[in-house]
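Okay, entry-v3.cif is below, mmCIF, C-alpha atoms:
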```
data_target
loop_
_atom_site.label_atom_id
_atom_site.label_comp_id
_atom_site.auth_asym_id
_atom_site.auth_seq_id
_atom_site.Cartn_x
_atom_site.Cartn_y
_atom_site.Cartn_z
CA MET M 257 -12.70 -36.88 23.84
CA ALA M 258 -9.13 -35.57 23.78
CA GLU M 259 -8.70 -31.91 24.61
CA LEU M 260 -8.12 -29.87 21.50
CA ASP M 261 -4.72 -28.21 21.47
CA GLY M 262 -4.30 -27.04 17.91
CA THR M 263 -2.35 -30.09 16.77
CA GLU M 264 -5.38 -31.89 15.36
CA PRO M 265 -5.54 -31.98 11.55
CA ILE M 266 -7.34 -29.14 9.79
CA ASP M 267 -10.64 -30.32 8.39
CA ASP M 268 -11.57 -29.30 4.82
CA HIS M 269 -14.58 -27.43 6.16
CA GLU M 270 -12.60 -25.32 8.59
CA LEU M 271 -12.43 -21.59 8.03
CA LEU M 272 -9.02 -19.97 8.03
CA TYR M 273 -8.05 -16.33 8.46
CA ARG M 274 -5.21 -14.33 6.92
CA ARG M 275 -4.44 -10.85 8.24
CA ILE M 276 -3.96 -8.15 5.57
CA PRO M 277 -2.49 -4.76 6.58
CA VAL M 278 -4.62 -1.86 5.37
CA SER M 279 -1.48 0.25 4.89
CA MET M 280 -0.15 -1.99 2.10
CA GLY M 281 -3.15 -1.48 -0.19
CA TRP M 282 -3.30 -5.18 -1.00
CA TYR M 283 -7.07 -5.23 -0.67
CA SER M 284 -8.73 -2.64 -2.83
CA GLY M 285 -11.93 -2.41 -4.84
CA GLY M 286 -12.97 -5.88 -3.75
CA THR M 287 -9.76 -7.42 -5.11
CA LEU M 288 -6.89 -9.02 -3.24
CA SER M 289 -3.36 -8.73 -4.53
CA PRO M 290 -1.20 -11.89 -4.61
CA GLU M 291 1.35 -9.80 -2.69
CA ALA M 292 -0.85 -10.21 0.40
CA PHE M 293 0.41 -13.80 0.57
CA ASN M 294 4.11 -13.12 0.32
CA PRO M 295 5.94 -14.59 3.29
CA ARG M 296 7.78 -12.25 5.63
CA GLN M 297 11.53 -12.71 5.96
CA ASP M 298 11.00 -14.67 9.17
CA GLU M 299 8.31 -16.97 7.74
CA LEU M 300 10.79 -19.70 6.98
CA THR M 301 8.43 -22.64 7.30
CA GLY M 302 5.32 -21.16 5.72
CA VAL M 303 2.89 -18.26 5.52
CA SER M 304 0.92 -17.80 8.74
CA ILE M 305 -2.80 -18.37 8.79
CA TYR M 306 -5.23 -18.77 11.69
CA ARG M 307 -7.95 -21.27 12.51
CA ASP M 308 -11.45 -19.94 13.04
CA LYS M 309 -12.12 -22.62 15.65
CA TYR M 310 -9.56 -20.98 17.96
CA LYS M 311 -9.46 -17.33 16.92
CA THR M 312 -11.98 -14.57 16.40
CA LEU M 313 -11.64 -12.14 13.56
CA GLU M 314 -10.78 -9.40 16.04
CA GLU M 315 -8.02 -11.48 17.59
CA VAL M 316 -6.50 -12.21 14.20
CA ALA M 317 -6.72 -8.52 13.24
CA LYS M 318 -4.48 -7.34 16.08
CA GLY M 319 -1.15 -5.90 15.07
CA LYS M 320 1.12 -2.89 15.16
CA GLY M 321 -0.25 -1.20 12.06
CA LYS M 322 -1.95 2.09 12.85
CA LYS M 323 -4.22 1.88 9.83
CA GLY M 324 -5.54 -1.50 10.92
CA TYR M 325 -6.16 -4.76 9.13
CA PHE M 326 -8.51 -6.64 6.87
CA VAL M 327 -9.01 -10.35 7.45
CA ALA M 328 -9.36 -12.64 4.45
CA VAL M 329 -11.45 -15.75 5.07
CA PHE M 330 -10.72 -19.07 3.38
CA ARG M 331 -12.04 -22.59 3.49
CA ALA M 332 -9.28 -25.15 3.98
CA GLY M 333 -10.73 -27.52 1.38
CA ASP M 334 -10.68 -24.80 -1.28
CA LEU M 335 -6.98 -24.27 -0.74
CA ARG M 336 -6.24 -27.99 -0.93
CA GLN M 337 -8.22 -28.32 -4.15
CA HIS M 338 -5.80 -25.80 -5.65
CA GLY M 339 -2.72 -27.63 -4.44
CA ILE M 340 -2.15 -25.37 -1.44
CA ASP M 341 -1.45 -27.38 1.68
CA VAL M 342 -2.40 -26.10 5.12
CA VAL M 343 -1.12 -27.60 8.36
CA PRO M 344 -1.50 -26.87 12.08
CA ARG M 345 1.57 -25.21 13.63
CA PRO M 346 0.75 -24.20 17.19
CA ASN M 347 4.40 -23.83 18.18
CA THR M 348 5.42 -20.35 17.12
CA THR M 349 8.38 -18.09 17.87
CA ASP M 350 6.01 -16.03 20.02
CA GLY M 351 4.89 -19.00 22.08
CA TYR M 352 2.23 -21.67 21.88
CA ASP M 353 -0.83 -20.65 19.85
CA PRO M 354 -3.37 -23.39 19.11
CA GLY M 355 -4.97 -21.22 16.44
CA HIS M 356 -1.79 -20.87 14.36
CA ALA M 357 -1.42 -22.77 11.13
CA GLU M 358 0.76 -22.44 8.06
CA LEU M 359 0.81 -22.80 4.32
CA PRO M 360 4.07 -24.78 4.08
CA GLY M 361 4.32 -24.42 0.32
CA LEU M 362 5.01 -20.70 0.63
CA THR M 363 8.19 -19.83 2.45
CA ALA M 364 10.65 -16.95 2.46
CA GLU M 365 13.05 -19.14 0.47
CA ASN M 366 10.75 -20.38 -2.30
CA CYS M 367 8.44 -17.39 -2.76
CA GLU M 368 10.00 -16.42 -6.11
CA THR M 369 9.47 -19.78 -7.81
CA ALA M 370 6.82 -20.22 -10.49
CA SER M 371 4.91 -22.60 -8.25
CA ALA M 372 4.87 -20.14 -5.36
CA ARG M 373 3.80 -17.30 -7.65
CA GLU M 374 0.92 -19.43 -8.93
CA LYS M 375 -0.11 -20.32 -5.38
CA LYS M 376 -0.15 -16.66 -4.36
CA LEU M 377 -2.26 -15.78 -7.38
CA ALA M 378 -4.65 -18.60 -6.56
CA LEU M 379 -4.93 -17.42 -2.95
CA SER M 380 -5.87 -13.96 -4.19
CA THR M 381 -8.97 -15.48 -5.80
CA LEU M 382 -9.95 -18.07 -3.18
CA ALA M 383 -11.03 -15.85 -0.29
CA ILE M 384 -14.72 -16.44 0.43
CA ASP M 385 -14.88 -13.08 2.22
CA VAL M 386 -12.74 -10.19 3.39
CA LYS M 387 -13.75 -8.63 6.70
CA GLY M 388 -12.85 -5.25 8.11
CA PRO M 389 -11.03 -3.04 8.28
CA PHE M 390 -10.37 -3.57 11.96
CA VAL M 391 -8.64 -0.52 13.40
CA ALA M 392 -7.28 -0.57 16.93
CA THR M 393 -8.75 2.02 19.26
CA PRO M 394 -6.83 3.28 22.29
CA THR M 395 -9.14 1.12 24.48
CA ASN M 396 -8.42 -1.99 22.40
CA GLN M 397 -4.72 -1.28 22.51
CA ALA M 398 -4.81 -0.95 26.30
CA LEU M 399 -6.54 -4.33 26.58
CA GLY M 400 -3.82 -5.82 24.35
CA MET T 140 12.95 -2.44 -20.91
CA SER T 141 10.88 -2.02 -24.00
CA THR T 142 7.33 -1.26 -22.97
CA ALA T 143 6.24 -2.56 -26.36
CA SER T 144 7.33 -6.03 -25.29
CA VAL T 145 4.97 -6.00 -22.32
CA SER T 146 1.87 -7.03 -24.21
CA GLY T 147 -1.19 -6.76 -22.06
CA PHE T 148 -0.36 -3.51 -20.37
CA MET T 149 -0.04 -1.86 -23.76
CA THR T 150 -3.39 -2.93 -25.21
CA ALA T 151 -5.74 -0.78 -23.17
CA PRO T 152 -6.28 2.50 -24.97
CA VAL T 153 -7.77 5.19 -22.86
CA ALA T 154 -9.31 7.19 -25.66
CA PRO T 155 -11.31 4.93 -27.97
CA TYR T 156 -12.59 7.88 -29.91
CA SER T 157 -11.72 8.30 -33.55
CA VAL T 158 -11.32 11.72 -35.14
CA ALA T 159 -13.09 11.28 -38.49
CA SER T 160 -13.61 14.78 -39.83
CA GLU T 161 -13.67 18.46 -38.99
CA THR T 162 -17.22 18.45 -37.67
CA SER T 163 -18.60 19.64 -34.35
CA ALA T 164 -18.86 15.97 -33.43
CA THR T 165 -15.16 15.65 -34.11
CA ARG T 166 -14.42 18.72 -32.04
CA LEU T 167 -16.57 17.19 -29.27
CA SER T 168 -14.64 13.94 -29.56
CA ASP T 169 -11.41 15.96 -29.34
CA VAL T 170 -12.70 17.43 -26.10
CA SER T 171 -13.72 13.94 -24.94
CA GLN T 172 -10.30 12.64 -25.85
CA GLU T 173 -8.60 15.42 -23.94
CA SER T 174 -10.92 14.87 -21.01
CA ALA T 175 -10.19 11.13 -20.95
CA ALA T 176 -6.45 11.81 -21.12
CA ALA T 177 -6.81 14.29 -18.28
CA ASP T 178 -8.65 11.68 -16.21
CA VAL T 179 -5.84 9.21 -16.78
CA ASP T 180 -3.29 11.83 -15.84
CA GLU T 181 -5.19 12.59 -12.67
CA SER T 182 -5.31 8.89 -11.81
CA TRP T 183 -1.54 8.61 -12.21
CA GLU T 184 -1.06 11.74 -10.12
CA LYS T 185 -3.06 10.00 -7.41
CA VAL T 186 -0.74 6.97 -7.61
CA LEU T 187 2.22 9.28 -7.28
CA ASN T 188 0.87 11.16 -4.28
CA GLU T 189 -1.06 8.49 -2.41
CA LYS T 190 1.38 5.67 -3.00
CA PHE T 191 4.89 6.52 -4.17
CA ILE T 192 5.33 9.62 -2.04
CA ASP T 193 3.49 8.10 0.92
CA TRP T 194 5.63 4.94 0.84
CA GLY T 195 8.79 7.00 0.70
CA ASN T 196 7.69 9.16 3.62
CA HIS T 197 6.35 6.39 5.85
CA PRO T 198 8.72 3.41 5.90
CA GLU T 199 7.44 2.62 9.39
CA ASP T 200 4.19 1.30 7.85
CA PHE T 201 6.32 -1.47 6.33
CA LEU T 202 8.76 -1.96 9.19
CA ASP T 203 5.91 -2.36 11.71
CA GLU T 204 4.76 -5.38 9.68
CA GLY T 205 8.21 -6.90 9.28
CA PHE T 206 8.38 -5.89 5.61
CA ILE T 207 11.06 -4.02 3.68
CA PRO T 208 9.89 -0.61 2.42
CA PRO T 209 10.66 0.42 -1.16
CA SER T 210 13.75 2.63 -1.26
CA HIS T 211 13.76 6.03 -2.88
CA LYS T 212 15.78 4.46 -5.70
CA THR T 213 13.14 1.79 -6.32
CA ILE T 214 10.37 4.37 -6.25
CA SER T 215 12.33 6.50 -8.67
CA LEU T 216 12.85 3.55 -11.05
CA ALA T 217 9.14 2.68 -10.90
CA HIS T 218 8.31 6.27 -11.70
CA GLU T 219 10.84 6.56 -14.53
CA TYR T 220 10.47 3.18 -16.26
CA VAL T 221 6.81 2.30 -15.71
CA MET T 222 4.72 5.24 -14.61
CA LYS T 223 6.10 7.85 -16.99
CA PRO T 224 5.86 5.75 -20.20
CA PHE T 225 2.34 4.59 -19.35
CA ARG T 226 1.29 8.08 -18.42
CA LYS T 227 2.71 9.47 -21.65
CA LEU T 228 0.70 6.90 -23.60
CA HIS T 229 -2.42 7.68 -21.57
CA ILE T 230 -2.66 4.13 -20.28
CA PRO T 231 -4.70 4.13 -17.05
CA PRO T 232 -2.89 2.97 -13.95
CA PRO T 233 -3.38 -0.67 -13.03
CA GLN T 234 -3.34 -1.73 -9.40
CA VAL T 235 -0.07 -0.52 -7.87
CA VAL T 236 1.10 -2.19 -4.65
CA PRO T 237 4.32 -2.77 -2.73
CA ASP T 238 5.72 -6.24 -2.24
CA THR T 239 7.25 -7.34 1.05
CA HIS T 240 10.87 -7.17 -0.15
CA GLY T 241 11.19 -3.51 -1.09
CA GLY T 242 9.69 -3.80 -4.57
CA ILE T 243 6.77 -2.16 -6.33
CA VAL T 244 4.30 -4.15 -8.41
CA PHE T 245 1.93 -2.99 -11.14
CA GLU T 246 -0.85 -5.57 -11.53
CA ARG T 247 -3.54 -6.04 -14.14
CA ARG T 248 -6.33 -8.60 -14.33
CA ASP T 249 -8.52 -9.29 -17.34
CA ASN T 250 -10.72 -12.39 -17.20
CA GLY T 251 -8.29 -15.33 -17.03
CA LEU T 252 -5.22 -13.18 -17.60
CA PHE T 253 -3.07 -11.70 -14.85
CA GLU T 254 0.00 -9.59 -15.57
CA SER T 255 2.49 -7.88 -13.34
CA ILE T 256 5.43 -5.57 -13.77
CA ARG T 257 7.64 -5.67 -10.71
CA VAL T 258 10.34 -3.11 -10.00
CA ARG T 259 12.53 -5.09 -7.65
CA ALA T 260 14.65 -3.77 -4.82
CA ASP T 261 17.76 -4.93 -6.72
CA SER T 262 16.79 -2.59 -9.60
CA HIS T 263 15.74 -5.40 -11.94
CA ILE T 264 12.36 -5.08 -13.63
CA GLU T 265 10.38 -8.28 -14.01
CA TYR T 266 7.34 -8.97 -16.15
CA CYS T 267 5.08 -11.96 -15.47
CA ARG T 268 2.00 -13.16 -17.28
CA PHE T 269 -0.35 -15.79 -15.94
CA SER T 270 -3.05 -17.46 -17.99
CA ASN T 271 -5.79 -19.20 -16.00
CA GLY T 272 -3.51 -19.29 -12.99
CA LYS T 273 -0.43 -20.68 -14.75
CA LEU T 274 2.75 -18.67 -15.23
CA VAL T 275 3.23 -18.57 -19.01
CA ASP T 276 5.72 -15.77 -19.49
CA ARG T 277 8.44 -14.30 -17.30
CA GLN T 278 11.05 -11.77 -18.38
CA MET T 279 13.65 -9.76 -16.50
CA TRP T 280 15.51 -6.60 -17.41
CA ARG T 281 18.13 -4.50 -15.74
#
```

Can you give me the file's structure in the form of structure tokens?
Amino acid sequence: MAELDGTEPIDDHELLYRRIPVSMGWYSGGTLSPEAFNPRQDELTGVSIYRDKYKTLEEVAKGKGKKGYFVAVFRAGDLRQHGIDVVPRPNTTDGYDPGHAELPGLTAENCETASAREKKLALSTLAIDVKGPFVATPTNQALG
Amino acid sequence: MSTASVSGFMTAPVAPYSVASETSATRLSDVSQESAAADVDESWEKVLNEKFIDWGNHPEDFLDEGFIPPSHKTISLAHEYVMKPFRKLHIPPPQVVPDTHGGIVFERRDNGLFESIRVRADSHIEYCRFSNGKLVDRQMWR
């Protein structure tokens, strides 16, 4: 069996994780805002998402935010049923990450279109769970 | 922007009490009405303090994530053109969140309907309405 390196296609049953900063208030009262799925300025090829088969929730929840992060959990097949494509993208600007994937239909350039707005709204309803918040402790930060 | 043209946000009265006559029940409903209006006012005050002021004072929360924080001008526009009219009409605050490009979004969900009023970083105000996930109305004002 070939060694898995994050380039293999994402199965419909795979779970995917999206990190949501607590500080932005995008997850509140059990509801996700579509704004949680807006691409950053540097997300030119798609919104980042992570594969459960390579990443733990805690690994996905690491970031600079002092208030920590929630992690929204999706099933790949649910996204595809709503016209939201998800593809493996292990080559990132921060190096090779087999757990990295993208939603190529949502980019920094197209995020204002009607289609992108509808995709973001759909994403806000498709999470099967939201975990956290995960807040970094000084010990966690030291371990990196 | 005419708030009257933004349908869904305007159809949620906060005080469904009717003042029918000068009875003690009416006086009680007056008190209830005042109490409900006070609750709405307190909710908006919370939005002002916990969101608008906090966002203005802590841009690093946005910058750390690679996002653009709302400017003081955008916050001021959101306060003047959305918060104040809704507060005056005793409409409870919807969900209020920042976007990633320096804007502020007021969001409301009701069954299959989703509406947003976005105060953009370029000072435009945009209204969107989605019905069962489809964008059915989109308007922009400056």

Practice item. Apply the PyMOL selection byres ((chain T) within 7 of (chain M)) to the structure shown and report the selected residues as a PyMOL selection string. Key: chain T and resi 200+203-206+236-239+272-274

Practice item. Starting from the shown file, work through the PyMOL selection byres ((chain M and resi 357) around 12) and note down what comes out as a PyMOL selection string. Key: chain M and resi 262-266+270-274+299+301-311+332+341-348+352-356+358-360

Exercise for review: Tell me, as a PyMOL selection string, which residues lie within 9 Å of Glu265 in chain T, counting all atoms listed in the file; anything in the same chain fewer than 2 positions away does not count.
Suggested key: chain T and resi 255-259+263+267+277-281

Practice item. Return the single residue from M:Arg275, M:His269, M:His338, M:Lys318 that is closest to Val386 in chain M, with distances computed using all atoms listed in the file. Key: M:Arg275

Check your understanding: Could you work out how far CA of Gly324 in chain M lies from CA of Gly351 in chain M, giving the answer in Å with one decimal?
Key -> 23.2 Å

Review point. By how many Å are CA of Ile207 in chain T and CA of Ile264 in chain T apart?
Key: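 Between CA of Ile207 in chain T and CA of Ile264 in chain T the gap works out to 17.4 Å.
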
Review point. For Glu219 in chain T, which residue out of T:Arg247, T:Phe201, T:Asp180, T:Ser262 is the nearest one, using only C-alpha atoms?
Key: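 The answer is T:Ser262, which sits nearest to Glu219 in chain T.
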